[in-house]
Every structure is written in C-alpha cells, then in structure tokens.
$ cat target_16.csv   # CSV, C-alpha atoms
chain,number,residue,atom,x,y,z
A,1267,MET,CA,-51.0,68.1,-0.3
A,1268,SER,CA,-50.3,65.3,-2.8
A,1269,ALA,CA,-51.5,66.8,-6.1
A,1270,ALA,CA,-48.6,67.4,-8.4
A,1271,GLY,CA,-48.4,70.8,-10.1
A,1272,PRO,CA,-45.8,73.1,-11.7
A,1273,GLU,CA,-44.7,74.0,-8.2
A,1274,GLN,CA,-44.0,70.4,-7.2
A,1275,PHE,CA,-40.4,70.1,-6.2
A,1276,GLU,CA,-38.4,67.3,-7.9
A,1277,ILE,CA,-34.8,66.3,-7.8
A,1278,GLN,CA,-33.1,64.2,-10.5
A,1279,VAL,CA,-29.5,63.1,-10.3
A,1280,GLU,CA,-27.5,61.9,-13.3
A,1281,THR,CA,-23.9,61.8,-14.6
A,1282,HIS,CA,-22.9,63.6,-17.7
A,1283,ASP,CA,-19.3,63.7,-18.9
A,1284,ASN,CA,-17.8,63.0,-15.5
A,1285,VAL,CA,-20.0,65.7,-14.0
A,1286,THR,CA,-22.7,64.8,-11.6
A,1287,LEU,CA,-25.8,66.7,-12.6
A,1288,VAL,CA,-28.5,67.5,-10.1
A,1289,ARG,CA,-31.7,68.8,-11.8
A,1290,LEU,CA,-34.1,70.8,-9.7
A,1291,THR,CA,-37.6,71.6,-10.8
A,1292,GLY,CA,-40.6,73.2,-9.1
A,1293,GLU,CA,-40.4,75.4,-6.0
A,1294,LEU,CA,-37.7,75.0,-3.3
A,1295,ASP,CA,-38.9,76.2,0.0
A,1296,ALA,CA,-38.5,75.2,3.7
A,1297,ALA,CA,-40.8,72.2,3.1
A,1298,GLU,CA,-38.5,70.8,0.4
A,1299,SER,CA,-35.0,72.0,1.4
A,1300,SER,CA,-34.4,69.0,3.6
A,1301,ARG,CA,-34.8,66.7,0.6
A,1302,LEU,CA,-32.2,68.6,-1.4
A,1303,ARG,CA,-29.9,68.7,1.6
A,1304,GLU,CA,-30.1,64.9,2.0
A,1305,THR,CA,-29.1,64.6,-1.7
A,1306,LEU,CA,-26.3,67.0,-1.6
A,1307,VAL,CA,-24.9,65.8,1.7
A,1308,GLY,CA,-24.8,62.3,0.1
A,1309,LEU,CA,-22.9,63.5,-2.9
A,1310,VAL,CA,-20.4,65.4,-0.8
A,1311,LYS,CA,-19.9,62.4,1.4
A,1312,ASP,CA,-19.1,60.4,-1.8
A,1313,ARG,CA,-16.7,63.2,-2.7
A,1314,VAL,CA,-18.0,63.8,-6.2
A,1315,GLU,CA,-15.4,65.9,-7.9
A,1316,ARG,CA,-17.6,68.0,-10.2
A,1317,LEU,CA,-21.2,68.9,-9.5
A,1318,CYS,CA,-23.6,71.0,-11.6
A,1319,VAL,CA,-26.9,72.0,-10.1
A,1320,ASP,CA,-29.3,72.7,-13.0
A,1321,MET,CA,-31.9,75.2,-11.8
A,1322,ALA,CA,-33.5,76.0,-15.2
A,1323,GLY,CA,-36.7,74.4,-14.0
A,1324,LEU,CA,-36.8,76.1,-10.6
A,1325,GLY,CA,-39.5,78.6,-10.0
A,1326,PHE,CA,-38.7,79.6,-6.4
A,1327,ILE,CA,-35.9,79.5,-3.9
A,1328,ASN,CA,-35.7,80.9,-0.4
A,1329,SER,CA,-32.9,81.2,2.2
A,1330,ALA,CA,-33.3,77.6,3.3
A,1331,GLY,CA,-32.6,76.4,-0.3
A,1332,ILE,CA,-29.6,78.8,-0.6
A,1333,ALA,CA,-28.3,77.6,2.8
A,1334,THR,CA,-28.3,74.1,1.5
A,1335,LEU,CA,-26.3,75.1,-1.6
A,1336,ILE,CA,-23.8,77.0,0.6
A,1337,GLU,CA,-23.3,74.0,2.8
A,1338,CYS,CA,-22.6,71.9,-0.3
A,1339,LEU,CA,-20.2,74.5,-1.7
A,1340,GLN,CA,-18.3,74.5,1.6
A,1341,GLY,CA,-18.2,70.7,1.8
A,1342,MET,CA,-16.8,70.4,-1.7
A,1343,ARG,CA,-14.2,73.1,-1.2
A,1344,ALA,CA,-12.8,71.1,1.6
A,1345,TYR,CA,-11.7,68.5,-0.9
A,1346,GLN,CA,-11.2,70.8,-3.9
A,1347,GLY,CA,-14.4,69.7,-5.6
A,1348,GLY,CA,-16.1,72.0,-8.0
A,1349,LEU,CA,-19.7,73.2,-7.8
A,1350,ALA,CA,-21.5,75.2,-10.5
A,1351,LEU,CA,-25.1,76.5,-10.8
A,1352,ALA,CA,-26.7,76.5,-14.2
A,1353,GLY,CA,-29.8,78.0,-15.8
A,1354,LEU,CA,-30.9,80.5,-13.2
A,1355,ASN,CA,-33.9,82.4,-14.4
A,1356,GLU,CA,-34.3,86.1,-13.6
A,1357,ARG,CA,-36.3,85.5,-10.4
A,1358,ILE,CA,-33.8,83.0,-9.0
A,1359,HIS,CA,-30.8,85.0,-10.0
A,1360,ASN,CA,-32.3,88.1,-8.3
A,1361,VAL,CA,-32.5,86.1,-5.0
A,1362,PHE,CA,-28.8,85.4,-5.2
A,1363,GLU,CA,-28.1,89.1,-6.0
A,1364,VAL,CA,-30.2,90.3,-3.0
A,1365,ALA,CA,-28.5,87.8,-0.8
A,1366,ARG,CA,-25.1,89.0,-2.1
A,1367,LEU,CA,-24.2,85.5,-3.2
A,1368,ASP,CA,-24.2,86.0,-7.0
A,1369,THR,CA,-20.4,86.2,-7.0
A,1370,VAL,CA,-19.8,83.4,-4.5
A,1371,PHE,CA,-21.1,80.6,-6.7
A,1372,GLY,CA,-20.1,79.9,-10.3
A,1373,ILE,CA,-23.3,80.7,-12.1
A,1374,HIS,CA,-23.7,79.8,-15.8
A,1375,ALA,CA,-26.3,80.3,-18.4
A,1376,ASP,CA,-26.9,76.6,-19.0
A,1377,VAL,CA,-25.7,73.1,-18.2
A,1378,ASP,CA,-23.3,72.9,-21.2
A,1379,ALA,CA,-21.5,76.1,-20.1
A,1380,ALA,CA,-21.3,74.9,-16.5
A,1381,ILE,CA,-19.9,71.5,-17.5
A,1382,ALA,CA,-17.3,73.3,-19.7
A,1383,ALA,CA,-16.3,75.6,-16.8
A,1384,LEU,CA,-16.0,72.6,-14.4
A,1385,SER,CA,-13.9,70.7,-16.8
A,1386,GLU,CA,-11.5,73.6,-17.1
A,1387,ASP,CA,-11.3,74.4,-13.4
A,1388,PRO,CA,-12.9,71.7,-11.3
A,1389,GLY,CA,-12.4,73.5,-7.9
B,1011,MET,CA,-56.9,100.3,-5.9
B,1012,SER,CA,-56.6,102.5,-2.9
B,1013,CYS,CA,-57.8,100.2,0.0
B,1014,GLY,CA,-58.7,96.7,0.9
B,1015,GLU,CA,-57.5,94.0,3.2
B,1016,ILE,CA,-57.2,90.3,2.8
B,1017,GLN,CA,-56.4,88.0,5.7
B,1018,LEU,CA,-55.2,84.4,5.6
B,1019,ARG,CA,-54.7,82.2,8.7
B,1020,ILE,CA,-52.7,79.1,8.2
B,1021,PRO,CA,-51.5,76.2,10.4
B,1022,ALA,CA,-47.9,76.8,11.3
B,1023,HIS,CA,-46.6,74.1,8.9
B,1024,VAL,CA,-44.1,74.5,6.1
B,1025,ARG,CA,-46.5,72.6,3.8
B,1026,CYS,CA,-48.7,75.7,3.8
B,1027,LEU,CA,-46.1,78.0,2.5
B,1028,CYS,CA,-47.1,77.5,-1.1
B,1029,ILE,CA,-50.6,78.8,-0.4
B,1030,VAL,CA,-49.1,82.0,1.0
B,1031,ARG,CA,-46.9,82.5,-2.0
B,1032,ARG,CA,-50.0,82.4,-4.3
B,1033,LEU,CA,-51.8,84.9,-2.1
B,1034,ILE,CA,-48.9,87.4,-2.2
B,1035,GLU,CA,-48.5,87.0,-5.9
B,1036,GLY,CA,-52.1,87.9,-6.4
B,1037,VAL,CA,-52.1,90.8,-4.0
B,1038,CYS,CA,-49.1,92.3,-5.7
B,1039,ARG,CA,-50.8,92.1,-9.0
B,1040,VAL,CA,-53.8,94.0,-7.7
B,1041,VAL,CA,-51.6,96.7,-6.1
B,1042,GLY,CA,-49.6,97.1,-9.3
B,1043,PHE,CA,-46.1,96.0,-8.5
B,1044,ASP,CA,-43.9,94.9,-11.4
B,1045,GLN,CA,-42.8,91.2,-11.6
B,1046,LYS,CA,-39.4,91.8,-10.1
B,1047,THR,CA,-40.9,93.5,-7.0
B,1048,THR,CA,-43.6,90.9,-6.8
B,1049,ASP,CA,-41.0,88.1,-6.7
B,1050,GLN,CA,-39.1,89.9,-4.0
B,1051,LEU,CA,-42.2,90.5,-1.9
B,1052,VAL,CA,-43.2,86.8,-2.2
B,1053,LEU,CA,-39.7,86.0,-0.9
B,1054,ALA,CA,-39.7,88.5,1.9
B,1055,ASN,CA,-43.1,87.3,3.1
B,1056,GLU,CA,-42.0,83.7,2.8
B,1057,GLU,CA,-38.9,84.3,4.9
B,1058,ALA,CA,-41.0,86.0,7.6
B,1059,VAL,CA,-43.6,83.2,7.7
B,1060,THR,CA,-41.0,80.5,7.7
B,1061,ASN,CA,-39.2,82.1,10.6
B,1062,VAL,CA,-42.5,82.0,12.6
B,1063,ILE,CA,-43.0,78.3,11.8
B,1064,VAL,CA,-39.4,77.3,12.5
B,1065,HIS,CA,-38.5,79.6,15.4
B,1066,ALA,CA,-41.7,81.0,17.0
B,1067,TYR,CA,-43.4,77.6,17.0
B,1068,GLN,CA,-40.1,75.7,16.8
B,1069,GLY,CA,-41.3,73.5,14.1
B,1070,THR,CA,-43.9,71.8,16.4
B,1071,ASP,CA,-46.8,72.1,13.8
B,1072,GLU,CA,-48.8,73.7,16.5
B,1073,GLY,CA,-50.3,77.1,16.4
B,1074,HIS,CA,-51.3,79.4,13.5
B,1075,VAL,CA,-49.8,82.2,11.5
B,1076,SER,CA,-52.0,85.1,10.4
B,1077,ILE,CA,-51.0,87.1,7.3
B,1078,THR,CA,-52.8,90.3,6.6
B,1079,CYS,CA,-52.3,92.1,3.3
B,1080,ARG,CA,-53.3,95.8,3.4
B,1081,MET,CA,-53.5,97.1,-0.2
B,1082,ARG,CA,-52.8,100.9,0.0
B,1083,SER,CA,-52.7,103.5,-2.6
B,1084,ASP,CA,-49.0,104.0,-1.9
B,1085,GLY,CA,-48.0,100.3,-1.6
B,1086,LEU,CA,-48.5,97.1,0.3
B,1087,GLU,CA,-48.4,96.4,4.0
B,1088,LEU,CA,-48.0,92.9,5.2
B,1089,VAL,CA,-48.7,92.0,8.8
B,1090,ILE,CA,-47.5,88.6,10.1
B,1091,GLU,CA,-48.8,87.6,13.5
B,1092,ASP,CA,-48.1,84.6,15.7
B,1093,GLN,CA,-48.7,83.4,19.3
B,1094,GLY,CA,-45.4,81.6,19.6
B,1095,HIS,CA,-42.1,82.4,21.2
B,1096,PRO,CA,-41.5,86.1,21.0
B,1097,PHE,CA,-38.8,87.5,18.6
B,1098,ASP,CA,-37.2,90.8,19.0
B,1099,GLY,CA,-36.2,91.4,15.4
B,1100,ASP,CA,-35.0,94.9,16.0
B,1101,ARG,CA,-32.3,93.5,18.2
B,1102,PHE,CA,-31.5,90.6,16.0
B,1103,GLU,CA,-28.1,91.1,14.2
B,1104,ALA,CA,-28.3,89.5,10.8
B,1105,PRO,CA,-25.0,87.9,9.9
B,1106,ASP,CA,-22.7,89.9,7.6
B,1107,PRO,CA,-23.9,88.9,4.0
B,1108,SER,CA,-20.2,88.7,2.9
B,1109,GLU,CA,-19.8,85.9,5.4
B,1110,ILE,CA,-20.3,82.6,3.5
B,1111,ARG,CA,-22.3,80.8,6.1
B,1112,ALA,CA,-25.3,78.5,5.6
B,1113,GLY,CA,-27.9,80.0,7.9
B,1114,GLY,CA,-29.3,83.3,9.1
B,1115,ARG,CA,-30.1,85.1,5.8
B,1116,GLY,CA,-33.9,85.3,6.2
B,1117,VAL,CA,-34.0,88.5,8.3
B,1118,PHE,CA,-31.3,90.0,6.1
B,1119,LEU,CA,-33.4,89.4,3.0
B,1120,ILE,CA,-36.5,90.9,4.6
B,1121,ARG,CA,-34.6,94.0,5.5
B,1122,GLU,CA,-33.0,94.3,2.1
B,1123,ILE,CA,-36.4,94.0,0.2
B,1124,MET,CA,-38.8,95.9,2.4
B,1125,ASP,CA,-39.0,99.7,2.9
B,1126,GLU,CA,-40.1,99.3,6.5
B,1127,VAL,CA,-39.7,96.4,8.9
B,1128,GLU,CA,-41.2,96.6,12.4
B,1129,TYR,CA,-41.3,93.9,15.1
B,1130,ILE,CA,-44.0,94.5,17.7
B,1131,PRO,CA,-44.4,92.3,20.8
B,1132,GLY,CA,-47.8,90.6,20.8
B,1133,GLU,CA,-50.3,91.6,23.5
B,1134,SER,CA,-49.4,88.7,25.8
B,1135,VAL,CA,-47.5,86.3,23.6
B,1136,GLY,CA,-46.0,86.1,20.2
B,1137,THR,CA,-44.9,88.7,17.8
B,1138,VAL,CA,-46.5,91.1,15.2
B,1139,LEU,CA,-44.2,91.8,12.2
B,1140,ARG,CA,-45.2,94.7,10.0
B,1141,LEU,CA,-43.6,95.0,6.6
B,1142,LEU,CA,-44.2,97.9,4.1
B,1143,LYS,CA,-43.2,98.1,0.4
B,1144,ARG,CA,-44.0,101.4,-1.3
B,1145,LEU,CA,-45.0,101.7,-5.0
B,1146,PRO,CA,-42.3,103.5,-7.0
$ encode --input "target_16.csv" --output "structure tokens"
Amino acid sequence: MSAAGPEQFEIQVETHDNVTLVRLTGELDAAESSRLRETLVGLVKDRVERLCVDMAGLGFINSAGIATLIECLQGMRAYQGGLALAGLNERIHNVFEVARLDTVFGIHADVDAAIAALSEDPG
Amino acid sequence: MSCGEIQLRIPAHVRCLCIVRRLIEGVCRVVGFDQKTTDQLVLANEEAVTNVIVHAYQGTDEGHVSITCRMRSDGLELVIEDQGHPFDGDRFEAPDPSEIRAGGRGVFLIREIMDEVEYIPGESVGTVLRLLKRLP
C-alpha cells in the first residue's frame, strides 16, 4: 500500500524556541507505531529537555500509539525532561479519556500553549 | 436498518488495519451511531483485530482475520474470528488503567467501549470474539 492519502502517517521533527517539536499527521496504528517509537526513543536517548508532540493533524490513534507516548514520558521523567501533547482533536482526546490517561499527559490546545507550558515548567 | 451482515476477511497483517477502519466507519453510519460512538467502535474493533494479528498469529503475517458486522435494529454486533493461538479473554486481567505502563491497554479499551464482550474458543483452533454496542 504505497498510495498517499489523508490517512498516511507522517512524522516531522523540528526545533522551536528550545523545544523539540514532533509533528504527527495521518493515522497512527500498529503499522506505524514502530516508526514513532524509533523517533521518540532517539530523542530520549539524546536527552532532549523539552518535547512537544503536535497531534493537530492526527486522525487516529490506538493503544499502540499511546504506549509509545507513555514510554517516551517515562523515559523523559527519568531525567526531568518535559513532554507535552498539543492540538488533540475531539476524537483523539476521547481516546485518552477512555484510556484514563487524559490527566497523565500535559495536554494543550495548540503548540504555542504547549511551548509556553514547557518553558514555565520543563519537567 | 434492521438487519444485514457484511463480512470482511483480511490477511493477518497490520497494513490491512486501515481497510478495516473504513469498513467500521461505514457500517456505523448505516446503523445510525453518532460520530463519537463511531470513533470508539472503530477503536475497539481495531484493538481486537490488532490483538489477533500480534498475539494470535504472533506477527507472522500468516493466517487471516474475519470481521463480521451484523447490523441490528438495536445496535451493532462485531464478530472477529481467527485460527491462531487461542486467547481466553474472559480470564485475561487487563492492567489497572491508573498504572502508567506502556502496554496492555487494548483489552481494557474494548471492555470500556463495548456493551458486551464475549470470547468463544474456536471449533478446533483460534478464537471468536463477539462485541456488541447498543444504540442509545
């Protein structure tokens, strides 16, 4: 399946005001979660201090994707790094609510709010 | 719509999950679920099918998964069947959701979303998982 469509999962990594920004678009399922894991494991290994995962373009996430984010959160907490999630739409936010994880992560309306929160309290 | 059944049989490969999501979205629209419930049903079914691929077939890319959607006047019944390693879901203890651990949330999500969850051993191999969501 090589044709790109709105569900095609993409990861972009950039730096913004001393915050590493990971932008996710498309649908994050078991077929794609290993790619995200590879990216996040690399960033934790590099001990990035502030990480914002922009999920505004994400149309789907399942427990495999959430597990990857939890793993990242735990890795960053080990060195007092800060992780924030931004731009969750209603569908994605509901998954975190059903999984009882909506209060575990710092969840913000958009990237600017997440960056501001990380700057105030990195970890 | 009061009756009707659609069946999809896919190779047990995670690359086929997106096909299943589209099917469940469409079926939910026909039955009359709202968007929030549709999203949750897509997720519950995805978790079930992923568990089959990863655990019943242990990610070997061998075997098939059959998903049957029974559109009823009172809701939607999903039946997921495999011929892989059996899974006794009724005995499986999902981890405590308050525990911040990476794995094991799939079964918990299924149980949270669906009104009925039933694991039935296959005739000689595999498992039949029956999920029911009622219309409000």
$ residues_around --input "target_16.csv" --residues "segment 1347-1350 of chain A" --least-positions-apart "3" --cutoff "10 Å" --atoms "only C-alpha atoms" --output "PyMOL selection string"
chain A and resi 1285-1287+1310+1313-1320+1335+1338-1344+1371-1374+1377+1379-1381+1383-1385+1387-1389
$ closest_residue --input "target_16.csv" --among "A:Ile1336, A:Val1307, A:Val1288, A:Ile1358" --to "Val1370 of chain A" --atoms "all atoms listed in the file"
A:Ile1336
$ residues_near_point --input "target_16.csv" --point "(-51.1, 98.1, 2.8)" --cutoff "10 Å" --atoms "all atoms listed in the file" --output "compact mmCIF listing (two decimals) with C-alpha atoms, keeping the file's coordinate frame"
# COMPACT_ATOMS: atom_id res chain seq x y z
CA SER B 1012 -56.60 102.50 -2.90
CA CYS B 1013 -57.80 100.20 0.00
CA GLY B 1014 -58.70 96.70 0.90
CA GLU B 1015 -57.50 94.00 3.20
CA ILE B 1016 -57.20 90.30 2.80
CA VAL B 1041 -51.60 96.70 -6.10
CA THR B 1078 -52.80 90.30 6.60
CA CYS B 1079 -52.30 92.10 3.30
CA ARG B 1080 -53.30 95.80 3.40
CA MET B 1081 -53.50 97.10 -0.20
CA ARG B 1082 -52.80 100.90 0.00
CA SER B 1083 -52.70 103.50 -2.60
CA ASP B 1084 -49.00 104.00 -1.90
CA GLY B 1085 -48.00 100.30 -1.60
CA LEU B 1086 -48.50 97.10 0.30
CA GLU B 1087 -48.40 96.40 4.00
CA LEU B 1088 -48.00 92.90 5.20
CA VAL B 1089 -48.70 92.00 8.80
CA ARG B 1140 -45.20 94.70 10.00
CA LEU B 1141 -43.60 95.00 6.60
CA LEU B 1142 -44.20 97.90 4.10
CA LYS B 1143 -43.20 98.10 0.40
CA ARG B 1144 -44.00 101.40 -1.30
$ atom_distance --input "target_16.csv" --atom1 "atom CA of Gly1069 of chain B" --atom2 "atom CA of Val1024 of chain B"
8.5 Å
$ residues_around --input "target_16.csv" --residues "Val1030 of chain B" --least-positions-apart "3" --cutoff "10 Å" --atoms "all atoms listed in the file" --output "compact mmCIF listing (two decimals) with C-alpha atoms, keeping the file's coordinate frame"
# COMPACT_ATOMS: atom_id res chain seq x y z
CA LEU B 1018 -55.20 84.40 5.60
CA ARG B 1019 -54.70 82.20 8.70
CA ILE B 1020 -52.70 79.10 8.20
CA CYS B 1026 -48.70 75.70 3.80
CA LEU B 1027 -46.10 78.00 2.50
CA LEU B 1033 -51.80 84.90 -2.10
CA ILE B 1034 -48.90 87.40 -2.20
CA GLU B 1035 -48.50 87.00 -5.90
CA GLY B 1036 -52.10 87.90 -6.40
CA VAL B 1052 -43.20 86.80 -2.20
CA ASN B 1055 -43.10 87.30 3.10
CA GLU B 1056 -42.00 83.70 2.80
CA VAL B 1059 -43.60 83.20 7.70
CA ILE B 1077 -51.00 87.10 7.30
$ closest_residue --input "target_16.csv" --among "B:Asp1044, B:Asp1098, B:Asp1049, B:Glu1091" --to "chain A" --atoms "all atoms listed in the file"
B:Asp1049
$ residues_around --input "target_16.csv" --residues "Ala1296 of chain A" --least-positions-apart "2" --cutoff "12 Å" --atoms "only C-alpha atoms" --output "ChimeraX atom specification"
/A:1275,1293-1294,1298-1303,1326-1334 /B:1023-1028,1053,1056-1064,1069,1116
$ atom_distance --input "target_16.csv" --atom1 "atom CA of Val1361 of chain A" --atom2 "atom CA of His1095 of chain B"
28.1 Å
$ atom_distance --input "target_16.csv" --atom1 "atom CA of Ser1076 of chain B" --atom2 "atom CA of Ile1090 of chain B"
5.7 Å
$ closest_residue --input "target_16.csv" --among "B:Leu1145, B:Val1135, B:Leu1119, B:Ile1029" --to "Gln1093 of chain B" --atoms "all atoms listed in the file"
B:Val1135
$ closest_residue --input "target_16.csv" --among "A:Asp1283, A:Glu1337, A:Asp1378, A:Glu1363" --to "chain B" --atoms "all atoms listed in the file"
A:Glu1337
$ closest_residue --input "target_16.csv" --among "B:His1065, B:His1074, B:Lys1046, B:Arg1039" --to "chain A" --atoms "only C-alpha atoms"
B:Lys1046
$ closest_residue --input "target_16.csv" --among "B:Val1037, B:Val1075, B:Ile1120, B:Val1127" --to "chain A" --atoms "only C-alpha atoms"
B:Ile1120
$ build_atoms --input "target_16.csv" --residues "segment 1056-1067 of chain B" --atoms "all heavy atoms" --output "PDB file, in the frame of the given file"
ATOM      1  N   GLU B1056     -42.304  85.079   2.560  1.00  0.00           N
ATOM      2  CA  GLU B1056     -42.000  83.700   2.800  1.00  0.00           C
ATOM      3  C   GLU B1056     -40.959  83.533   3.928  1.00  0.00           C
ATOM      4  O   GLU B1056     -41.080  82.662   4.800  1.00  0.00           O
ATOM      5  CB  GLU B1056     -41.417  83.049   1.523  1.00  0.00           C
ATOM      6  CG  GLU B1056     -40.870  81.650   1.682  1.00  0.00           C
ATOM      7  CD  GLU B1056     -41.798  80.594   1.121  1.00  0.00           C
ATOM      8  OE1 GLU B1056     -42.937  80.942   0.750  1.00  0.00           O
ATOM      9  OE2 GLU B1056     -41.379  79.429   1.048  1.00  0.00           O
ATOM     10  N   GLU B1057     -39.929  84.364   3.892  1.00  0.00           N
ATOM     11  CA  GLU B1057     -38.900  84.300   4.900  1.00  0.00           C
ATOM     12  C   GLU B1057     -39.518  84.601   6.295  1.00  0.00           C
ATOM     13  O   GLU B1057     -39.205  83.947   7.291  1.00  0.00           O
ATOM     14  CB  GLU B1057     -37.776  85.318   4.634  1.00  0.00           C
ATOM     15  CG  GLU B1057     -36.993  85.066   3.355  1.00  0.00           C
ATOM     16  CD  GLU B1057     -36.196  83.758   3.386  1.00  0.00           C
ATOM     17  OE1 GLU B1057     -35.884  83.261   4.497  1.00  0.00           O
ATOM     18  OE2 GLU B1057     -35.877  83.250   2.294  1.00  0.00           O
ATOM     19  N   ALA B1058     -40.403  85.594   6.334  1.00  0.00           N
ATOM     20  CA  ALA B1058     -41.000  86.000   7.600  1.00  0.00           C
ATOM     21  C   ALA B1058     -41.893  84.830   8.138  1.00  0.00           C
ATOM     22  O   ALA B1058     -41.820  84.478   9.319  1.00  0.00           O
ATOM     23  CB  ALA B1058     -41.870  87.230   7.407  1.00  0.00           C
ATOM     24  N   VAL B1059     -42.712  84.253   7.281  1.00  0.00           N
ATOM     25  CA  VAL B1059     -43.600  83.200   7.700  1.00  0.00           C
ATOM     26  C   VAL B1059     -42.822  81.931   8.106  1.00  0.00           C
ATOM     27  O   VAL B1059     -43.124  81.258   9.095  1.00  0.00           O
ATOM     28  CB  VAL B1059     -44.669  82.870   6.640  1.00  0.00           C
ATOM     29  CG1 VAL B1059     -45.549  81.707   7.047  1.00  0.00           C
ATOM     30  CG2 VAL B1059     -45.523  84.107   6.367  1.00  0.00           C
ATOM     31  N   THR B1060     -41.796  81.636   7.345  1.00  0.00           N
ATOM     32  CA  THR B1060     -41.000  80.500   7.700  1.00  0.00           C
ATOM     33  C   THR B1060     -40.293  80.657   9.029  1.00  0.00           C
ATOM     34  O   THR B1060     -40.217  79.714   9.822  1.00  0.00           O
ATOM     35  CB  THR B1060     -39.866  80.279   6.584  1.00  0.00           C
ATOM     36  OG1 THR B1060     -40.485  80.074   5.315  1.00  0.00           O
ATOM     37  CG2 THR B1060     -38.997  79.071   6.901  1.00  0.00           C
ATOM     38  N   ASN B1061     -39.820  81.856   9.308  1.00  0.00           N
ATOM     39  CA  ASN B1061     -39.200  82.100  10.600  1.00  0.00           C
ATOM     40  C   ASN B1061     -40.190  81.879  11.748  1.00  0.00           C
ATOM     41  O   ASN B1061     -39.828  81.344  12.796  1.00  0.00           O
ATOM     42  CB  ASN B1061     -38.680  83.557  10.681  1.00  0.00           C
ATOM     43  CG  ASN B1061     -37.349  83.727   9.981  1.00  0.00           C
ATOM     44  OD1 ASN B1061     -36.670  82.745   9.680  1.00  0.00           O
ATOM     45  ND2 ASN B1061     -36.976  84.961   9.699  1.00  0.00           N
ATOM     46  N   VAL B1062     -41.443  82.249  11.524  1.00  0.00           N
ATOM     47  CA  VAL B1062     -42.500  82.000  12.600  1.00  0.00           C
ATOM     48  C   VAL B1062     -42.635  80.506  12.775  1.00  0.00           C
ATOM     49  O   VAL B1062     -42.630  80.030  13.915  1.00  0.00           O
ATOM     50  CB  VAL B1062     -43.812  82.641  12.137  1.00  0.00           C
ATOM     51  CG1 VAL B1062     -44.934  82.141  13.045  1.00  0.00           C
ATOM     52  CG2 VAL B1062     -43.727  84.167  12.179  1.00  0.00           C
ATOM     53  N   ILE B1063     -42.753  79.778  11.690  1.00  0.00           N
ATOM     54  CA  ILE B1063     -43.000  78.300  11.800  1.00  0.00           C
ATOM     55  C   ILE B1063     -41.819  77.628  12.464  1.00  0.00           C
ATOM     56  O   ILE B1063     -41.980  76.796  13.362  1.00  0.00           O
ATOM     57  CB  ILE B1063     -43.255  77.733  10.391  1.00  0.00           C
ATOM     58  CG1 ILE B1063     -44.569  78.284   9.822  1.00  0.00           C
ATOM     59  CG2 ILE B1063     -43.283  76.205  10.451  1.00  0.00           C
ATOM     60  CD1 ILE B1063     -44.791  77.955   8.349  1.00  0.00           C
ATOM     61  N   VAL B1064     -40.621  77.989  12.029  1.00  0.00           N
ATOM     62  CA  VAL B1064     -39.400  77.300  12.500  1.00  0.00           C
ATOM     63  C   VAL B1064     -38.978  77.765  13.874  1.00  0.00           C
ATOM     64  O   VAL B1064     -38.565  76.946  14.699  1.00  0.00           O
ATOM     65  CB  VAL B1064     -38.279  77.472  11.463  1.00  0.00           C
ATOM     66  CG1 VAL B1064     -36.975  76.926  11.989  1.00  0.00           C
ATOM     67  CG2 VAL B1064     -38.643  76.795  10.148  1.00  0.00           C
ATOM     68  N   HIS B1065     -39.070  79.049  14.132  1.00  0.00           N
ATOM     69  CA  HIS B1065     -38.500  79.600  15.400  1.00  0.00           C
ATOM     70  C   HIS B1065     -39.589  79.929  16.415  1.00  0.00           C
ATOM     71  O   HIS B1065     -39.458  79.548  17.566  1.00  0.00           O
ATOM     72  CB  HIS B1065     -37.683  80.841  15.064  1.00  0.00           C
ATOM     73  CG  HIS B1065     -36.526  80.549  14.153  1.00  0.00           C
ATOM     74  ND1 HIS B1065     -35.494  79.701  14.493  1.00  0.00           N
ATOM     75  CD2 HIS B1065     -36.257  80.959  12.891  1.00  0.00           C
ATOM     76  CE1 HIS B1065     -34.648  79.610  13.490  1.00  0.00           C
ATOM     77  NE2 HIS B1065     -35.080  80.365  12.496  1.00  0.00           N
ATOM     78  N   ALA B1066     -40.646  80.640  16.018  1.00  0.00           N
ATOM     79  CA  ALA B1066     -41.700  81.000  17.000  1.00  0.00           C
ATOM     80  C   ALA B1066     -42.386  79.751  17.506  1.00  0.00           C
ATOM     81  O   ALA B1066     -42.661  79.611  18.695  1.00  0.00           O
ATOM     82  CB  ALA B1066     -42.661  81.989  16.403  1.00  0.00           C
ATOM     83  N   TYR B1067     -42.686  78.848  16.594  1.00  0.00           N
ATOM     84  CA  TYR B1067     -43.400  77.600  17.000  1.00  0.00           C
ATOM     85  C   TYR B1067     -42.388  76.432  17.028  1.00  0.00           C
ATOM     86  O   TYR B1067     -42.792  75.300  17.295  1.00  0.00           O
ATOM     87  CB  TYR B1067     -44.515  77.315  16.059  1.00  0.00           C
ATOM     88  CG  TYR B1067     -45.654  78.305  16.185  1.00  0.00           C
ATOM     89  CD1 TYR B1067     -46.015  79.120  15.113  1.00  0.00           C
ATOM     90  CD2 TYR B1067     -46.376  78.415  17.369  1.00  0.00           C
ATOM     91  CE1 TYR B1067     -47.057  80.031  15.217  1.00  0.00           C
ATOM     92  CE2 TYR B1067     -47.420  79.328  17.481  1.00  0.00           C
ATOM     93  CZ  TYR B1067     -47.757  80.125  16.402  1.00  0.00           C
ATOM     94  OH  TYR B1067     -48.788  81.017  16.533  1.00  0.00           O
TER      95      TYR B1067
END
